[in-house]
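Dropping structure30.txt in here (compact mmCIF, C-alpha atoms and all ligand atoms):
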```txt
# COMPACT_ATOMS: atom_id res chain seq x y z
CA MET A 1 3.51 -12.48 25.99
CA HIS A 2 0.09 -11.56 24.76
CA SER A 3 -2.48 -12.82 22.27
CA ARG A 4 -3.71 -11.27 19.09
CA LYS A 5 -7.28 -12.24 18.37
CA ASN A 6 -9.40 -12.35 15.31
CA GLN A 7 -11.32 -9.06 15.44
CA ARG A 8 -14.61 -10.95 14.93
CA ASP A 9 -14.08 -12.66 18.29
CA LEU A 10 -13.53 -9.52 20.34
CA THR A 11 -16.03 -8.79 23.06
CA ARG A 12 -17.76 -5.46 23.26
CA THR A 13 -15.45 -4.51 26.13
CA GLU A 14 -12.33 -5.50 24.24
CA LYS A 15 -13.40 -3.40 21.28
CA LYS A 16 -14.05 -0.44 23.50
CA ARG A 17 -10.68 -0.72 25.20
CA LEU A 18 -8.89 -0.89 21.89
CA VAL A 19 -10.78 2.06 20.45
CA ASP A 20 -10.17 4.10 23.60
CA ALA A 21 -6.45 3.35 23.55
CA ILE A 22 -6.21 4.36 19.89
CA LEU A 23 -8.09 7.59 20.59
CA GLU A 24 -5.76 8.32 23.47
CA LEU A 25 -2.67 7.85 21.25
CA LYS A 26 -4.28 10.21 18.80
CA ARG A 27 -4.98 12.79 21.46
CA SER A 28 -1.40 12.69 22.70
CA GLY A 29 0.05 13.09 19.20
CA ARG A 30 1.79 9.75 19.24
CA TYR A 31 -0.56 8.25 16.70
CA ASP A 32 0.40 10.80 14.08
CA ASP A 33 4.06 10.00 14.63
CA PHE A 34 3.30 6.47 13.48
CA VAL A 35 1.60 7.81 10.37
CA THR A 36 4.63 9.94 9.61
CA LEU A 37 7.01 7.06 10.13
CA HIS A 38 5.20 4.87 7.65
CA ARG A 39 5.25 7.62 5.08
CA GLN A 40 8.88 8.40 5.67
CA TYR A 41 9.93 4.82 4.93
CA TYR A 42 7.72 4.40 1.94
CA VAL A 43 10.51 4.37 -0.64
CA THR A 44 9.68 2.95 -4.07
CA ASP A 45 11.93 0.73 -6.12
CA GLY A 46 12.16 3.52 -8.68
CA GLU A 47 14.49 5.18 -6.23
CA SER A 48 18.03 4.23 -5.29
CA ARG A 49 17.67 4.86 -1.54
CA PRO A 50 17.40 1.90 0.84
CA ARG A 51 13.83 0.60 1.10
CA PRO A 52 13.14 -1.31 4.27
CA ALA A 53 9.34 -1.26 4.19
CA HIS A 54 7.75 -1.70 0.76
CA MET A 55 8.68 -3.30 -2.56
CA THR A 56 11.33 -5.18 -0.67
CA PRO A 57 12.11 -8.52 1.02
CA SER A 58 11.91 -6.91 4.46
CA PHE A 59 8.26 -5.93 3.91
CA PHE A 60 7.25 -8.55 6.51
CA PRO A 61 9.85 -7.97 9.24
CA TRP A 62 9.67 -4.18 8.92
CA HIS A 63 5.92 -4.18 9.40
CA ARG A 64 6.21 -6.74 12.20
CA GLN A 65 8.42 -4.35 14.15
CA TYR A 66 6.21 -1.41 13.21
CA LEU A 67 3.17 -3.22 14.62
CA LEU A 68 5.08 -4.19 17.74
CA GLU A 69 5.97 -0.56 18.35
CA PHE A 70 2.37 0.47 17.87
CA GLU A 71 1.16 -2.28 20.13
CA LYS A 72 3.66 -1.21 22.78
CA ALA A 73 2.30 2.32 22.54
CA LEU A 74 -1.27 1.02 22.91
CA GLN A 75 -0.27 -1.05 25.92
CA SER A 76 1.34 1.95 27.57
CA VAL A 77 -2.19 3.38 27.55
CA ASP A 78 -3.97 0.14 28.45
CA PRO A 79 -1.91 -3.00 29.12
CA ARG A 80 -4.89 -5.25 28.37
CA VAL A 81 -5.01 -4.22 24.73
CA SER A 82 -3.40 -5.93 21.74
CA VAL A 83 -3.75 -5.52 17.99
CA PRO A 84 -6.44 -7.84 16.61
CA TYR A 85 -6.30 -9.18 13.08
CA TRP A 86 -8.83 -8.87 10.32
CA ASP A 87 -9.17 -11.94 8.15
CA TRP A 88 -10.51 -10.23 5.04
CA THR A 89 -10.95 -13.54 3.23
CA ARG A 90 -13.74 -14.25 5.68
CA ASP A 91 -15.16 -10.93 6.81
CA ASN A 92 -15.28 -9.55 3.34
CA THR A 93 -18.22 -7.20 3.14
CA ALA A 94 -19.17 -3.77 4.40
CA LYS A 95 -21.62 -5.53 6.73
CA SER A 96 -18.90 -7.12 8.83
CA SER A 97 -18.99 -6.24 12.51
CA LEU A 98 -15.57 -4.70 11.96
CA TRP A 99 -17.29 -1.70 10.37
CA ALA A 100 -20.00 -1.34 12.98
CA GLU A 101 -20.77 1.71 15.04
CA ASP A 102 -19.09 0.23 18.12
CA PHE A 103 -15.84 -0.58 16.37
CA LEU A 104 -14.26 1.09 13.33
CA GLY A 105 -17.32 2.72 11.82
CA GLY A 106 -18.42 2.20 8.23
CA ASN A 107 -17.86 3.29 4.67
CA GLY A 108 -17.39 6.91 3.66
CA ARG A 109 -20.35 8.83 2.29
CA PRO A 110 -20.64 9.55 -1.43
CA GLY A 111 -18.86 12.64 -2.66
CA ASP A 112 -16.15 13.50 -0.21
CA ARG A 113 -15.85 9.90 1.13
CA GLN A 114 -16.10 11.12 4.70
CA VAL A 115 -16.59 8.43 7.34
CA MET A 116 -19.70 9.47 9.26
CA THR A 117 -20.14 6.59 11.69
CA GLY A 118 -18.22 5.11 14.58
CA PRO A 119 -15.56 6.51 16.91
CA PHE A 120 -13.33 7.71 14.08
CA ALA A 121 -15.93 9.91 12.42
CA TYR A 122 -14.68 13.48 12.37
CA ARG A 123 -17.83 14.85 13.91
CA ARG A 124 -17.28 12.73 17.02
CA GLY A 125 -14.33 14.99 17.74
CA GLY A 126 -11.61 12.44 18.43
CA TRP A 127 -10.22 11.79 14.99
CA ARG A 128 -8.72 14.70 13.11
CA ILE A 129 -6.21 13.61 10.51
CA ARG A 130 -3.56 15.87 9.10
CA ALA A 131 -4.28 17.21 5.63
CA GLU A 132 -1.40 15.43 3.96
CA VAL A 133 -3.08 13.89 0.97
CA THR A 134 -6.27 15.89 0.62
CA ASP A 135 -7.28 19.20 2.12
CA ASP A 136 -9.62 17.50 4.54
CA HIS A 137 -9.17 16.55 8.16
CA PHE A 138 -11.66 13.69 8.16
CA LEU A 139 -11.06 10.00 7.63
CA ARG A 140 -12.04 8.84 4.14
CA ARG A 141 -13.19 5.42 2.93
CA ASN A 142 -14.45 4.29 -0.44
CA PHE A 143 -15.21 0.58 -0.18
CA GLY A 144 -14.57 -1.31 -3.38
CA ARG A 145 -13.94 1.88 -5.37
CA PRO A 146 -17.12 1.64 -7.43
CA SER A 147 -15.55 3.60 -10.30
CA ALA A 148 -13.17 0.70 -10.97
CA PRO A 149 -14.50 -2.05 -8.76
CA VAL A 150 -12.40 -4.49 -6.81
CA THR A 151 -13.35 -7.18 -4.32
CA LEU A 152 -11.40 -8.28 -1.29
CA PRO A 153 -8.96 -11.12 -1.97
CA GLY A 154 -10.35 -14.57 -1.34
CA ALA A 155 -8.84 -17.65 0.24
CA ALA A 156 -7.62 -18.92 -3.13
CA GLU A 157 -5.52 -15.83 -3.65
CA VAL A 158 -3.97 -16.18 -0.21
CA ASP A 159 -3.39 -19.89 -0.75
CA ARG A 160 -1.53 -19.22 -3.98
CA ALA A 161 0.88 -17.07 -2.02
CA LEU A 162 1.17 -19.51 0.88
CA GLY A 163 1.92 -22.27 -1.60
CA ASP A 164 5.00 -20.58 -2.98
CA PRO A 165 7.93 -22.36 -1.30
CA VAL A 166 10.40 -19.51 -1.92
CA TYR A 167 10.35 -16.45 0.33
CA ASP A 168 11.42 -13.89 -2.24
CA THR A 169 13.21 -13.68 -5.56
CA ALA A 170 15.37 -11.32 -7.61
CA PRO A 171 15.15 -8.48 -8.38
CA TRP A 172 13.89 -8.24 -4.78
CA ASN A 173 11.43 -5.46 -5.50
CA SER A 174 7.90 -4.83 -6.75
CA VAL A 175 8.52 -6.67 -10.00
CA SER A 176 9.59 -9.96 -8.39
CA ALA A 177 7.22 -12.26 -10.25
CA THR A 178 7.40 -15.18 -7.86
CA GLY A 179 8.07 -15.62 -4.18
CA PHE A 180 5.78 -15.47 -1.17
CA ARG A 181 6.69 -11.89 -0.29
CA ASN A 182 5.49 -10.16 -3.44
CA ARG A 183 2.53 -12.49 -3.85
CA ILE A 184 1.33 -11.18 -0.51
CA GLU A 185 2.58 -7.61 -0.81
CA GLY A 186 0.74 -7.83 -4.08
CA TRP A 187 2.24 -5.58 -6.74
CA GLY A 188 0.85 -6.07 -10.22
CA ILE A 189 3.26 -7.66 -12.64
CA ARG A 190 3.16 -6.50 -16.23
CA GLY A 191 2.06 -9.31 -18.45
CA GLY A 192 1.54 -11.44 -15.39
CA ARG A 193 -0.96 -10.62 -12.72
CA GLY A 194 -2.84 -7.76 -11.14
CA ILE A 195 -2.52 -6.36 -7.66
CA ALA A 196 -3.22 -8.90 -4.95
CA ASN A 197 -3.64 -9.50 -1.25
CA HIS A 198 -2.04 -6.71 0.80
CA ASN A 199 -2.22 -4.02 -1.87
CA LYS A 200 -5.68 -5.04 -2.95
CA VAL A 201 -7.03 -4.64 0.57
CA HIS A 202 -5.61 -1.13 0.82
CA ARG A 203 -7.35 -0.37 -2.42
CA TRP A 204 -10.64 -2.00 -1.49
CA ILE A 205 -10.97 0.17 1.60
CA GLY A 206 -9.91 3.17 -0.44
CA GLY A 207 -9.86 6.77 0.72
CA SER A 208 -7.22 7.25 3.40
CA MET A 209 -6.11 3.61 3.25
CA ALA A 210 -5.37 3.88 -0.48
CA GLY A 211 -3.03 6.81 -0.03
CA ALA A 212 0.29 7.90 1.36
CA ALA A 213 -1.02 8.32 4.91
CA SER A 214 -2.74 4.92 5.10
CA PRO A 215 -2.24 4.40 8.87
CA ASP A 216 -4.62 7.35 9.31
CA ASP A 217 -7.26 4.64 9.17
CA PRO A 218 -7.02 2.43 12.27
CA VAL A 219 -8.00 -0.59 10.16
CA PHE A 220 -4.42 -0.41 8.91
CA TRP A 221 -3.24 -2.21 12.05
CA LEU A 222 -5.82 -4.98 11.84
CA HIS A 223 -5.01 -5.51 8.18
CA HIS A 224 -1.29 -5.70 8.85
CA ALA A 225 -1.74 -8.02 11.81
CA PHE A 226 -3.36 -10.46 9.37
CA ILE A 227 -0.46 -9.95 6.93
CA ASP A 228 1.87 -10.74 9.82
CA LEU A 229 -0.13 -13.85 10.64
CA LEU A 230 0.09 -14.97 7.01
CA TRP A 231 3.86 -14.74 7.20
CA SER A 232 3.80 -16.95 10.23
CA ARG A 233 1.50 -19.42 8.44
CA TRP A 234 3.84 -19.51 5.47
CA GLN A 235 6.76 -20.33 7.78
CA LYS A 236 4.79 -23.22 9.25
CA THR A 237 3.80 -24.46 5.81
CA HIS A 238 7.42 -24.43 4.63
CA PRO A 239 9.48 -25.24 7.73
CA ARG A 240 12.72 -25.58 5.77
CA ALA A 241 12.30 -22.36 3.82
CA ARG A 242 14.27 -19.31 4.90
CA TYR A 243 14.15 -15.56 4.62
CA LEU A 244 15.91 -14.36 1.50
CA PRO A 245 18.33 -12.96 0.68
CA ALA A 246 20.31 -14.62 3.44
CA ARG A 247 23.42 -12.61 2.70
CA ALA A 248 24.38 -9.30 1.11
CA LEU A 249 24.00 -9.30 -2.65
CA PRO A 250 27.10 -9.14 -4.87
CA ALA A 251 28.72 -5.74 -5.21
CA ASP A 252 27.56 -5.32 -8.81
CA ASP A 253 23.91 -5.94 -8.00
CA PRO A 254 22.04 -2.60 -8.11
CA GLN A 255 19.83 -3.80 -5.24
CA ARG A 256 22.75 -4.46 -2.92
CA ASP A 257 22.51 -1.31 -0.82
CA ARG A 258 18.78 -0.85 -1.25
CA ILE A 259 17.45 -3.95 0.41
CA PHE A 260 17.84 -5.70 3.74
CA PRO A 261 19.23 -9.21 3.77
CA LEU A 262 18.77 -11.35 6.84
CA ASP A 263 21.27 -9.63 9.13
CA ARG A 264 21.17 -6.03 7.99
CA PRO A 265 19.60 -3.78 10.63
CA MET A 266 16.51 -1.92 9.44
CA PRO A 267 15.82 1.70 10.23
CA PRO A 268 14.54 3.33 12.30
CA TRP A 269 14.91 0.68 15.00
CA ASP A 270 18.19 -0.95 14.01
CA VAL A 271 16.57 -4.34 14.16
CA ALA A 272 17.59 -6.95 11.59
CA PRO A 273 15.11 -9.26 9.86
CA SER A 274 16.87 -12.17 11.59
CA GLN A 275 15.70 -10.83 14.95
CA LEU A 276 12.08 -10.90 13.83
CA MET A 277 11.75 -14.35 12.33
CA ASP A 278 9.93 -15.78 15.30
CA HIS A 279 7.17 -13.87 17.04
CA THR A 280 6.14 -16.64 19.42
CA ARG A 281 8.10 -15.35 22.38
CA LEU A 282 6.40 -11.94 21.98
CA TYR A 283 2.82 -12.72 21.05
CA ARG A 284 0.73 -15.44 19.56
CA TYR A 285 -2.27 -15.56 17.27
CA VAL A 286 -5.42 -17.10 18.59
CA MET B 1 -16.70 6.32 -19.17
CA ASN B 2 -14.31 4.43 -17.09
CA PRO B 3 -10.85 4.88 -18.46
CA THR B 4 -8.74 3.92 -15.50
CA SER B 5 -6.98 0.67 -15.52
CA GLY B 6 -8.26 -1.42 -12.70
CA PRO B 7 -6.21 -2.68 -9.83
CA GLY B 8 -4.60 -5.48 -11.51
CA GLU B 9 -5.23 -4.58 -15.03
CA GLU B 10 -1.78 -3.34 -15.62
CA PRO B 11 -1.13 -4.09 -19.20
CA ALA B 12 1.10 -6.81 -20.36
CA GLY B 13 4.51 -6.03 -21.72
CA ALA B 14 7.89 -6.74 -20.34
CA PRO B 15 10.91 -4.56 -19.65
CA ARG B 16 10.60 -1.33 -21.48
CA PRO B 17 13.33 0.23 -23.50
CA VAL B 18 11.41 3.45 -23.95
CA ARG B 19 7.86 4.41 -23.20
CA ARG B 20 6.55 4.46 -26.75
CA ALA B 21 8.01 1.07 -27.44
CA VAL B 22 6.39 -0.22 -24.30
CA LEU B 23 2.99 0.97 -25.26
CA ARG B 24 3.32 -0.81 -28.54
CA ALA B 25 4.54 -3.93 -26.78
CA VAL B 26 1.64 -3.72 -24.39
CA PHE B 27 -0.79 -3.81 -27.24
CA THR B 28 0.87 -6.71 -28.98
CA ALA B 29 1.39 -8.80 -25.89
CA ALA B 30 -2.12 -8.34 -24.64
CA VAL B 31 -3.62 -9.27 -27.97
CA LEU B 32 -1.50 -12.36 -28.12
CA ALA B 33 -2.39 -13.28 -24.59
CA GLY B 34 -6.02 -12.69 -25.43
CA THR B 35 -6.57 -10.87 -22.17
CA GLY B 36 -9.12 -8.72 -23.93
CA GLY B 37 -11.80 -6.92 -22.04
CA ALA B 38 -10.26 -5.64 -18.86
CA LEU B 39 -7.33 -4.16 -20.68
CA ALA B 40 -9.25 -2.38 -23.35
CA PRO B 41 -9.23 1.12 -21.91
CA VAL B 42 -5.50 1.06 -21.39
CA LEU B 43 -4.86 -0.37 -24.78
CA LEU B 44 -6.84 2.28 -26.52
CA GLN B 45 -4.69 4.83 -24.86
CA GLY B 46 -1.57 2.98 -25.67
CA GLN B 47 -2.29 2.89 -29.34
CA GLY B 48 -1.97 6.53 -29.96
CA PRO B 49 -2.61 10.04 -28.83
CA GLY B 50 -5.62 8.81 -26.91
CA GLY B 51 -8.00 11.07 -25.07
CA PRO B 52 -8.80 14.69 -25.65
CA GLY B 53 -5.99 17.07 -25.06
CA GLN B 54 -3.40 14.40 -24.84
CA GLU B 55 -0.37 14.91 -26.97
CA ARG B 56 2.23 12.34 -27.44
CA ASP B 57 4.38 12.59 -30.49
CA ALA B 58 6.65 9.81 -31.55
CA VAL B 59 9.58 10.78 -29.39
CA GLY B 60 8.24 13.24 -26.86
CA PRO B 61 7.38 12.57 -23.25
CA GLU B 62 3.79 12.25 -22.12
CA ARG B 63 1.81 15.45 -21.88
CA PHE B 64 -1.89 15.95 -21.32
CA SER B 65 -4.51 18.38 -20.19
CA GLU B 66 -8.15 17.41 -19.95
CA LEU B 67 -11.34 17.68 -18.00
CA TYR B 68 -12.00 14.36 -16.27
CA LYS B 69 -15.19 13.98 -14.23
CA GLY B 70 -15.30 17.72 -13.93
CA ARG B 71 -11.73 18.02 -12.69
CA GLU B 72 -8.96 19.65 -14.60
CA ILE B 73 -6.05 17.26 -14.83
CA ARG B 74 -2.73 18.14 -16.37
CA GLY B 75 0.52 16.32 -16.66
CA THR B 76 3.94 16.52 -18.19
CA ALA B 77 6.66 13.95 -17.95
CA THR B 78 9.74 16.03 -17.46
CA THR B 79 12.02 13.22 -18.47
CA VAL B 80 11.62 10.20 -20.68
CA VAL B 81 13.12 7.45 -18.65
CA PRO B 82 14.31 4.20 -20.10
CA ALA B 83 13.32 2.55 -16.87
CA GLY B 84 15.25 -0.67 -17.10
CA ALA B 85 18.45 1.00 -18.15
CA GLN B 86 18.25 3.54 -15.37
CA ALA B 87 17.67 0.95 -12.75
CA HIS B 88 20.72 -0.92 -13.79
CA ALA B 89 22.87 2.16 -13.89
CA GLY B 90 21.81 2.68 -10.31
CA THR B 91 20.45 6.07 -11.17
CA SER B 92 17.48 7.37 -9.32
CA PHE B 93 14.42 8.55 -11.14
CA ALA B 94 12.87 9.68 -7.93
CA ALA B 95 13.89 13.17 -8.89
CA PRO B 96 10.99 15.06 -10.39
CA ALA B 97 10.12 12.89 -13.34
CA ALA B 98 6.69 14.31 -13.80
CA ASP B 99 4.49 17.28 -13.11
CA VAL B 100 0.90 16.31 -12.52
CA SER B 101 -1.91 18.40 -11.14
CA VAL B 102 -5.60 18.13 -10.34
CA ASP B 103 -7.45 21.45 -10.34
CA GLY B 104 -4.09 23.20 -10.14
CA ARG B 105 -2.93 21.31 -7.05
CA THR B 106 0.17 19.15 -7.36
CA LEU B 107 -0.36 15.42 -7.43
CA HIS B 108 2.87 13.88 -6.19
CA VAL B 109 3.90 10.88 -8.21
CA MET B 110 6.51 8.20 -7.68
CA ARG B 111 7.76 5.48 -9.96
CA ARG B 112 8.16 1.76 -9.77
CA ALA B 113 11.08 -0.16 -11.20
CA ASP B 114 8.98 -1.05 -14.24
CA GLY B 115 8.50 2.63 -14.98
CA SER B 116 4.85 2.76 -13.92
CA TYR B 117 3.56 5.50 -11.64
CA LEU B 118 1.89 5.74 -8.28
CA SER B 119 0.62 8.85 -6.57
CA THR B 120 0.05 9.98 -3.01
CA VAL B 121 -3.64 9.23 -3.58
CA THR B 122 -3.22 5.72 -4.98
CA HIS B 123 -0.21 4.40 -3.14
CA TYR B 124 -0.78 0.70 -3.56
CA GLU B 125 -1.30 0.36 -7.28
CA SER B 126 0.53 1.76 -10.24
CA PHE B 127 -0.38 2.88 -13.73
CA PRO B 128 1.56 2.82 -16.97
CA THR B 129 0.90 6.47 -17.82
CA LEU B 130 0.61 9.75 -15.98
CA LEU B 131 -2.83 10.25 -17.50
CA GLU B 132 -4.14 7.06 -15.96
CA THR B 133 -2.47 7.97 -12.68
CA ALA B 134 -4.22 11.33 -12.65
CA ARG B 135 -7.60 9.84 -13.58
CA ALA B 136 -7.30 7.19 -10.88
CA ALA B 137 -6.50 9.91 -8.37
CA VAL B 138 -9.66 11.79 -9.37
CA ASP B 139 -11.69 8.58 -9.03
CA GLU B 140 -10.35 8.06 -5.55
CA LEU B 141 -10.62 11.69 -4.49
CA GLY B 142 -14.32 12.07 -5.22
CA THR B 143 -15.03 15.71 -4.52
CA ALA B 144 -11.99 16.19 -2.30
CA GLN B 145 -9.18 18.57 -3.23
CA LEU B 146 -5.56 17.59 -3.06
CA SER B 147 -3.65 18.93 -0.11
CA ALA B 148 -2.02 22.29 -0.62
CA VAL B 149 0.76 21.14 1.67
CA SER B 150 3.75 19.53 0.04
CA PRO B 151 4.44 16.12 1.52
CA HIS B 152 8.10 17.00 1.45
CA THR B 153 7.61 19.62 4.11
CA ILE B 154 5.71 17.35 6.49
CU CU C 301 -0.22 -2.02 4.20
```
As structure tokens:
Amino acid sequence: MHSRKNQRDLTRTEKKRLVDAILELKRSGRYDDFVTLHRQYYVTDGESRPRPAHMTPSFFPWHRQYLLEFEKALQSVDPRVSVPYWDWTRDNTAKSSLWAEDFLGGNGRPGDRQVMTGPFAYRRGGWRIRAEVTDDHFLRRNFGRPSAPVTLPGAAEVDRALGDPVYDTAPWNSVSATGFRNRIEGWGIRGGRGIANHNKVHRWIGGSMAGAASPDDPVFWLHHAFIDLLWSRWQKTHPRARYLPARALPADDPQRDRIFPLDRPMPPWDVAPSQLMDHTRLYRYV
Amino acid sequence: MNPTSGPGEEPAGAPRPVRRAVLRAVFTAAVLAGTGGALAPVLLQGQGPGGPGQERDAVGPERFSELYKGREIRGTATTVVPAGAQAHAGTSFAAPAADVSVDGRTLHVMRRADGSYLSTVTHYESFPTLLETARAAVDELGTAQLSAVSPHTI
């Protein structure tokens, strides 16, 4: 049992330990395996393959397990480390201590968007990303994408999602217009609303985080820890609400084999959403 | 010039029988909803052939070739997908549905259930047309070049 803290409350030492553990995973090659895994399971709802991770009800439990695996890897390097969370409704500018020299480093520079500060700057020698999206091996950020500006989601946007008493709704994908899951995952709905919460944060950071290899940016984990915390808050707000769908969909439903109802094990860990409903015996948020 | 649709500014318009019908529906719905300003760039495109080099006849799939912020973007939809119908038939349109490139390098695109597109560069937002997808990729890329490595071999 360990605690996940708000990143703004970490001590200098805690930040250093976390950064060092991440750099060590990178050095050993294990970090890049996590990047690959995320990409591998990024299946869109335009496809007919099963989609455990995105555009799907199991968005929350899949990422919960993914973070647990990453945290386990970090702790194998340094048992004192856990994944902190970034409350982007509060620390919502480029001036946040999150982006300081002693933590994640700051925005990318104009032009090639290269991150030049902090421990994940390419020139520091410890953070070479694979050239999967662009030809470059440096981490990229593009805060707010000035060419089509966006701001980080505020508390009202989060509250709208937390206020939805239903976990998820048909058609159980990126076009589900109501339900907590897609309000947080945040796909734009034609004629309805724009991107929100989770997706909007990926886009606000931009660069690597906006693309197919988003875990290349270590902020990915802090962002998703907050998403995980929001799930837990939603459960507390609606104690009688349940994960949906609770059972397999009818045979004639095109989503039947593509999504993961409560008891269907999710790849690659063979863990069902039902096994991940309660995190309190594993970690707690402080 | 800022022709990309913003994050949330996906145009209005419900399930789409075919692309051209959708674009028309988009225009109508948005006007009715009075959502005005933010949608304007998309709407202008939706109304007709749109930007330079873009061809879209009444029945044909999307096809364009233009210089955008100094980058050469090209795209061809290789299939016209009635998105809703396909989804219900359980057919995948993950198969190459489009060829898009930036400065000659392939921009890999995927589709959502509503028929909109995302690319490897903008993975968390989608766009109604390949042209907007390509322009958004350029906006996000800055001066960077797309990877020469196919993601399918990684
Ligand atoms: Cu994410």
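Put simply, CA of Ser48 in chain A is 18.0 Å away from CA of Pro268 in chain A.
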Taking all atoms listed in the file into account, which residues of chain A are within 7 Å of chain B, as a compact mmCIF listing (two decimals) with C-alpha atoms, keeping the file's coordinate frame?
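After the write, selection_31.txt holds the following:
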```
# COMPACT_ATOMS: atom_id res chain seq x y z
CA THR A 44 9.68 2.95 -4.07
CA ASP A 45 11.93 0.73 -6.12
CA GLY A 46 12.16 3.52 -8.68
CA GLU A 47 14.49 5.18 -6.23
CA SER A 48 18.03 4.23 -5.29
CA GLY A 111 -18.86 12.64 -2.66
CA ASP A 112 -16.15 13.50 -0.21
CA ARG A 113 -15.85 9.90 1.13
CA ALA A 131 -4.28 17.21 5.63
CA GLU A 132 -1.40 15.43 3.96
CA VAL A 133 -3.08 13.89 0.97
CA THR A 134 -6.27 15.89 0.62
CA ASP A 135 -7.28 19.20 2.12
CA SER A 147 -15.55 3.60 -10.30
CA ALA A 148 -13.17 0.70 -10.97
CA TRP A 187 2.24 -5.58 -6.74
CA GLY A 188 0.85 -6.07 -10.22
CA ARG A 190 3.16 -6.50 -16.23
CA GLY A 191 2.06 -9.31 -18.45
CA GLY A 192 1.54 -11.44 -15.39
CA ARG A 193 -0.96 -10.62 -12.72
CA GLY A 194 -2.84 -7.76 -11.14
CA ILE A 195 -2.52 -6.36 -7.66
CA ASN A 199 -2.22 -4.02 -1.87
CA HIS A 202 -5.61 -1.13 0.82
CA ARG A 203 -7.35 -0.37 -2.42
CA GLY A 207 -9.86 6.77 0.72
CA ALA A 210 -5.37 3.88 -0.48
CA GLY A 211 -3.03 6.81 -0.03
CA ALA A 212 0.29 7.90 1.36
CA PRO A 254 22.04 -2.60 -8.11
```
Contacts of range 234-240 of chain A at 12 Å or less, counting all atoms listed in the file, minus same-chain residues fewer than 6 places along, as a ChimeraX atom specification?
/A:60,158-167,179-181,183-184,227-228,277-279
For a test of reading the model, state the distance in Å between CA of Glu101 in chain A and CA of Arg284 in chain A, rounded to one decimal.
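CA of Arg284 in chain A lies at a distance of 27.9 Å from CA of Glu101 in chain A.
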Compute the set of protein, DNA and RNA residues whose minimum atom distance to ligand CU 301 (chain C) is at most 10 Å, using all atoms listed in the file, and state it as a list in words.
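Those residues are His38, Ala53, His54, Phe59, His63, Glu185, Asn197, His198, Asn199, Lys200, Val201, His202, Arg203, Met209, Ala210, Ser214, Pro215, Val219, Phe220, Trp221, Leu222, His223, His224, Ala225 and Ile227 of chain A; His123 and Tyr124 of chain B.
When CA of Leu282 in chain A is paired with CA of Ala213 in chain A, their separation reads 27.5 Å.
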Which one of A:His2, A:Arg233, A:Arg145, A:Arg8 sits closest to Leu98 in chain A if you count only C-alpha atoms?
A:Arg8
If we count all atoms listed in the file, what is near Gly108 in chain A at a cut-off of 8 Å, once residues fewer than 6 positions away on the same chain are taken out, given as number ranges by chain?
A: 114-116, 140-143
Taking (-14.6, -9.3, 6.0) in the coordinates of the supplied file, I want to know which residues reach to within 12 Å of it, counting all atoms listed in the file; could you give the answer as an NGL selection string?
:A and (6-8 or 85-100 or 143 or 151-155 or 201 or 204-205 or 219 or 222-223 or 226)
If we count all atoms listed in the file, what is near Val77 in chain A at a cut-off of 8 Å, once residues fewer than 2 positions away on the same chain are taken out, given as a PDB file with C-alpha atoms, keeping the file's coordinate frame?
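out07.pdb, written as the output of this step:
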```
ATOM      1  CA  ALA A  21      -6.450   3.350  23.550  1.00  0.00           C
ATOM      2  CA  GLU A  24      -5.760   8.320  23.470  1.00  0.00           C
ATOM      3  CA  LEU A  25      -2.670   7.850  21.250  1.00  0.00           C
ATOM      4  CA  ALA A  73       2.300   2.320  22.540  1.00  0.00           C
ATOM      5  CA  LEU A  74      -1.270   1.020  22.910  1.00  0.00           C
ATOM      6  CA  GLN A  75      -0.270  -1.050  25.920  1.00  0.00           C
ATOM      7  CA  PRO A  79      -1.910  -3.000  29.120  1.00  0.00           C
TER       8      PRO A  79
END
```
Would you give the centre and edge lengths, in Å to one decimal, of a box along x, y and z around the listed atoms of range 195-200 of chain A, with 3 Å added to each side, as AutoDock Vina command-line options?
```
--center_x -3.9 --center_y -6.8 --center_z -3.4 --size_x 9.6 --size_y 11.5 --size_z 14.5
```
Using only C-alpha atoms, which of the listed residues (B:Gly75, B:Pro61, B:Gly70, B:Gly104) sits closest to Leu130 in chain B?
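Counting only C-alpha atoms, the residue closest to Leu130 in chain B is B:Gly75.
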Which one of A:Ile259, A:Ala241, A:Val19, A:Ala272 sits closest to Phe103 in chain A if you count only C-alpha atoms?
A:Val19
